[in-house]
Amino acid sequence: MELVAEDYVDHSPAGARSNADAANILRIVKDMFVDLQLVFEDVFSAGELVTTRIQYKGYQAGECCGVAPTGRWVAFDALENFRVVDGKIVESWGYWPEAQITAMLTE
């Protein structure tokens, strides 16, 4: 995780407080979805801030949003905002559309 500062802080509900926490969250997300694909749809930057819209796609293989594995295909857009200092992510704010994801997994 060479792009994430050691004292990284995640302001989203996942709440990572270090580089190691961020790596663990990425492992959890990877385990949630088989064949996980991330498509960076939009990337904007201004000063220290970078905003992205990322499309996540994959088959649910692990618990997600409180829903046990279903094997269903999901695709959703997430928003991530990063503050970057000296080439490293020091803070982030993320949004996943949990209601939309839950609906895809339970309908």
# chains A, B, ... in the order shown; residues from 1 in each chain; ligands from 1

$ residues_around --residues "Cys64 in chain A" --least-positions-apart "3" --cutoff "8 Å" --atoms "only C-alpha atoms" --output "PDB file with C-alpha atoms, in the first residue's frame"
ATOM      1  CA  MET A  32     -17.011  -9.938  -0.794  1.00  0.00           C
ATOM      2  CA  GLN A  60     -21.273 -11.660  -4.162  1.00  0.00           C
ATOM      3  CA  VAL A  67     -26.592  -9.943   3.491  1.00  0.00           C
ATOM      4  CA  ALA A  68     -25.118 -13.460   3.506  1.00  0.00           C
ATOM      5  CA  PRO A  69     -23.449 -14.606   0.256  1.00  0.00           C
ATOM      6  CA  THR A 102     -28.970  -4.558  -0.485  1.00  0.00           C
TER       7      THR A 102
END

$ residues_around --residues "Phe76 in chain A" --least-positions-apart "2" --cutoff "12 Å" --atoms "only C-alpha atoms" --output "PyMOL selection string"
chain A and resi 36-41+53-59+73-74+78-79+95-105

$ write_last_selection --atoms "N, CA and C atoms" --output "PDB file, in the first residue's frame"
ATOM      1  N   LEU A  36     -14.070  -9.430  -8.892  1.00  0.00           N
ATOM      2  CA  LEU A  36     -14.283  -7.999  -8.660  1.00  0.00           C
ATOM      3  C   LEU A  36     -13.609  -7.175  -9.749  1.00  0.00           C
ATOM      4  N   GLN A  37     -14.385  -6.270 -10.326  1.00  0.00           N
ATOM      5  CA  GLN A  37     -13.871  -5.333 -11.324  1.00  0.00           C
ATOM      6  C   GLN A  37     -14.134  -3.919 -10.821  1.00  0.00           C
ATOM      7  N   LEU A  38     -13.141  -3.070 -10.917  1.00  0.00           N
ATOM      8  CA  LEU A  38     -13.298  -1.661 -10.578  1.00  0.00           C
ATOM      9  C   LEU A  38     -13.022  -0.850 -11.826  1.00  0.00           C
ATOM     10  N   VAL A  39     -13.974  -0.004 -12.186  1.00  0.00           N
ATOM     11  CA  VAL A  39     -13.821   0.858 -13.353  1.00  0.00           C
ATOM     12  C   VAL A  39     -13.891   2.298 -12.864  1.00  0.00           C
ATOM     13  N   PHE A  40     -12.816   3.039 -13.050  1.00  0.00           N
ATOM     14  CA  PHE A  40     -12.792   4.442 -12.652  1.00  0.00           C
ATOM     15  C   PHE A  40     -13.486   5.251 -13.739  1.00  0.00           C
ATOM     16  N   GLU A  41     -14.729   5.636 -13.461  1.00  0.00           N
ATOM     17  CA  GLU A  41     -15.548   6.353 -14.436  1.00  0.00           C
ATOM     18  C   GLU A  41     -15.161   7.825 -14.533  1.00  0.00           C
ATOM     19  N   ARG A  53     -15.410   8.590  -9.158  1.00  0.00           N
ATOM     20  CA  ARG A  53     -16.624   7.765  -9.232  1.00  0.00           C
ATOM     21  C   ARG A  53     -16.152   6.432  -9.779  1.00  0.00           C
ATOM     22  N   ILE A  54     -16.322   5.404  -8.968  1.00  0.00           N
ATOM     23  CA  ILE A  54     -15.808   4.081  -9.304  1.00  0.00           C
ATOM     24  C   ILE A  54     -16.976   3.115  -9.436  1.00  0.00           C
ATOM     25  N   GLN A  55     -17.019   2.374 -10.542  1.00  0.00           N
ATOM     26  CA  GLN A  55     -18.031   1.337 -10.680  1.00  0.00           C
ATOM     27  C   GLN A  55     -17.435   0.019 -10.194  1.00  0.00           C
ATOM     28  N   TYR A  56     -18.119  -0.598  -9.247  1.00  0.00           N
ATOM     29  CA  TYR A  56     -17.752  -1.915  -8.731  1.00  0.00           C
ATOM     30  C   TYR A  56     -18.663  -2.937  -9.396  1.00  0.00           C
ATOM     31  N   LYS A  57     -18.091  -4.073  -9.818  1.00  0.00           N
ATOM     32  CA  LYS A  57     -18.870  -5.149 -10.433  1.00  0.00           C
ATOM     33  C   LYS A  57     -18.320  -6.474  -9.935  1.00  0.00           C
ATOM     34  N   GLY A  58     -19.212  -7.421  -9.674  1.00  0.00           N
ATOM     35  CA  GLY A  58     -18.772  -8.750  -9.290  1.00  0.00           C
ATOM     36  C   GLY A  58     -19.905  -9.586  -8.741  1.00  0.00           C
ATOM     37  N   TYR A  59     -19.608 -10.848  -8.481  1.00  0.00           N
ATOM     38  CA  TYR A  59     -20.566 -11.773  -7.890  1.00  0.00           C
ATOM     39  C   TYR A  59     -20.335 -11.797  -6.385  1.00  0.00           C
ATOM     40  N   TRP A  73     -24.892 -11.280  -9.104  1.00  0.00           N
ATOM     41  CA  TRP A  73     -24.097 -10.244  -9.761  1.00  0.00           C
ATOM     42  C   TRP A  73     -24.560  -8.879  -9.260  1.00  0.00           C
ATOM     43  N   VAL A  74     -23.620  -8.034  -8.889  1.00  0.00           N
ATOM     44  CA  VAL A  74     -23.947  -6.663  -8.507  1.00  0.00           C
ATOM     45  C   VAL A  74     -23.063  -5.705  -9.289  1.00  0.00           C
ATOM     46  N   ALA A  78     -19.668   3.932  -6.666  1.00  0.00           N
ATOM     47  CA  ALA A  78     -19.281   4.464  -5.364  1.00  0.00           C
ATOM     48  C   ALA A  78     -18.525   5.762  -5.595  1.00  0.00           C
ATOM     49  N   LEU A  79     -18.629   6.650  -4.640  1.00  0.00           N
ATOM     50  CA  LEU A  79     -17.890   7.912  -4.695  1.00  0.00           C
ATOM     51  C   LEU A  79     -16.804   7.877  -3.639  1.00  0.00           C
ATOM     52  N   TYR A  95     -18.501   6.811  -0.167  1.00  0.00           N
ATOM     53  CA  TYR A  95     -19.937   6.549  -0.130  1.00  0.00           C
ATOM     54  C   TYR A  95     -20.237   5.345  -1.007  1.00  0.00           C
ATOM     55  N   TRP A  96     -20.853   4.333  -0.422  1.00  0.00           N
ATOM     56  CA  TRP A  96     -21.404   3.193  -1.159  1.00  0.00           C
ATOM     57  C   TRP A  96     -22.909   3.271  -1.036  1.00  0.00           C
ATOM     58  N   PRO A  97     -23.658   3.021  -2.097  1.00  0.00           N
ATOM     59  CA  PRO A  97     -25.123   3.076  -2.034  1.00  0.00           C
ATOM     60  C   PRO A  97     -25.679   1.791  -1.399  1.00  0.00           C
ATOM     61  N   GLU A  98     -25.601   1.711  -0.073  1.00  0.00           N
ATOM     62  CA  GLU A  98     -25.950   0.468   0.620  1.00  0.00           C
ATOM     63  C   GLU A  98     -27.373  -0.007   0.335  1.00  0.00           C
ATOM     64  N   ALA A  99     -28.344   0.912   0.279  1.00  0.00           N
ATOM     65  CA  ALA A  99     -29.730   0.503   0.006  1.00  0.00           C
ATOM     66  C   ALA A  99     -29.838  -0.140  -1.377  1.00  0.00           C
ATOM     67  N   GLN A 100     -29.152   0.433  -2.354  1.00  0.00           N
ATOM     68  CA  GLN A 100     -29.167  -0.115  -3.716  1.00  0.00           C
ATOM     69  C   GLN A 100     -28.507  -1.497  -3.746  1.00  0.00           C
ATOM     70  N   ILE A 101     -27.379  -1.633  -3.073  1.00  0.00           N
ATOM     71  CA  ILE A 101     -26.670  -2.915  -3.046  1.00  0.00           C
ATOM     72  C   ILE A 101     -27.532  -3.974  -2.362  1.00  0.00           C
ATOM     73  N   THR A 102     -28.117  -3.620  -1.215  1.00  0.00           N
ATOM     74  CA  THR A 102     -28.970  -4.558  -0.485  1.00  0.00           C
ATOM     75  C   THR A 102     -30.136  -5.013  -1.354  1.00  0.00           C
ATOM     76  N   ALA A 103     -30.749  -4.077  -2.076  1.00  0.00           N
ATOM     77  CA  ALA A 103     -31.869  -4.430  -2.962  1.00  0.00           C
ATOM     78  C   ALA A 103     -31.423  -5.413  -4.044  1.00  0.00           C
ATOM     79  N   MET A 104     -30.256  -5.189  -4.636  1.00  0.00           N
ATOM     80  CA  MET A 104     -29.760  -6.104  -5.672  1.00  0.00           C
ATOM     81  C   MET A 104     -29.530  -7.509  -5.120  1.00  0.00           C
ATOM     82  N   LEU A 105     -29.120  -7.589  -3.857  1.00  0.00           N
ATOM     83  CA  LEU A 105     -28.785  -8.882  -3.265  1.00  0.00           C
ATOM     84  C   LEU A 105     -29.993  -9.624  -2.706  1.00  0.00           C
TER      85      LEU A 105
END

$ select_by_dssp --residues "chain A" --states "strand (DSSP E or B)" --output "ChimeraX atom specification"
/A:4-10,33-46,49-60,64,67,73-85,88-95

$ closest_residue --among "A:Lys30, A:Ile25, A:Gly71, A:Gly47" --to "Ser12 in chain A" --atoms "only C-alpha atoms"
A:Ile25

$ closest_residue --among "A:Leu26, A:Gly66, A:Thr51, A:Ala20" --to "Trp93 in chain A" --atoms "only C-alpha atoms"
A:Thr51

$ select_by_dssp --residues "range 29-92 of chain A" --states "helix (DSSP H, G or I)" --output "list in words"
Val29, Lys30, Asp31 and Met32 of chain A

$ write_last_selection --atoms "N, CA and C atoms" --output "compact mmCIF listing (two decimals), in the first residue's frame"
# COMPACT_ATOMS: atom_id res chain seq x y z
N VAL A 29 -13.23 -6.24 0.98
CA VAL A 29 -14.01 -5.94 -0.23
C VAL A 29 -13.71 -6.97 -1.31
N LYS A 30 -12.44 -7.30 -1.47
CA LYS A 30 -12.05 -8.30 -2.49
C LYS A 30 -12.70 -9.64 -2.19
N ASP A 31 -12.81 -10.01 -0.91
CA ASP A 31 -13.43 -11.28 -0.53
C ASP A 31 -14.95 -11.25 -0.67
N MET A 32 -15.55 -10.06 -0.65
CA MET A 32 -17.01 -9.94 -0.79
C MET A 32 -17.47 -10.32 -2.19

$ closest_residue --among "A:Lys88, A:Arg72, A:Arg27, A:Arg83" --to "Asp10 in chain A" --atoms "only C-alpha atoms"
A:Arg83
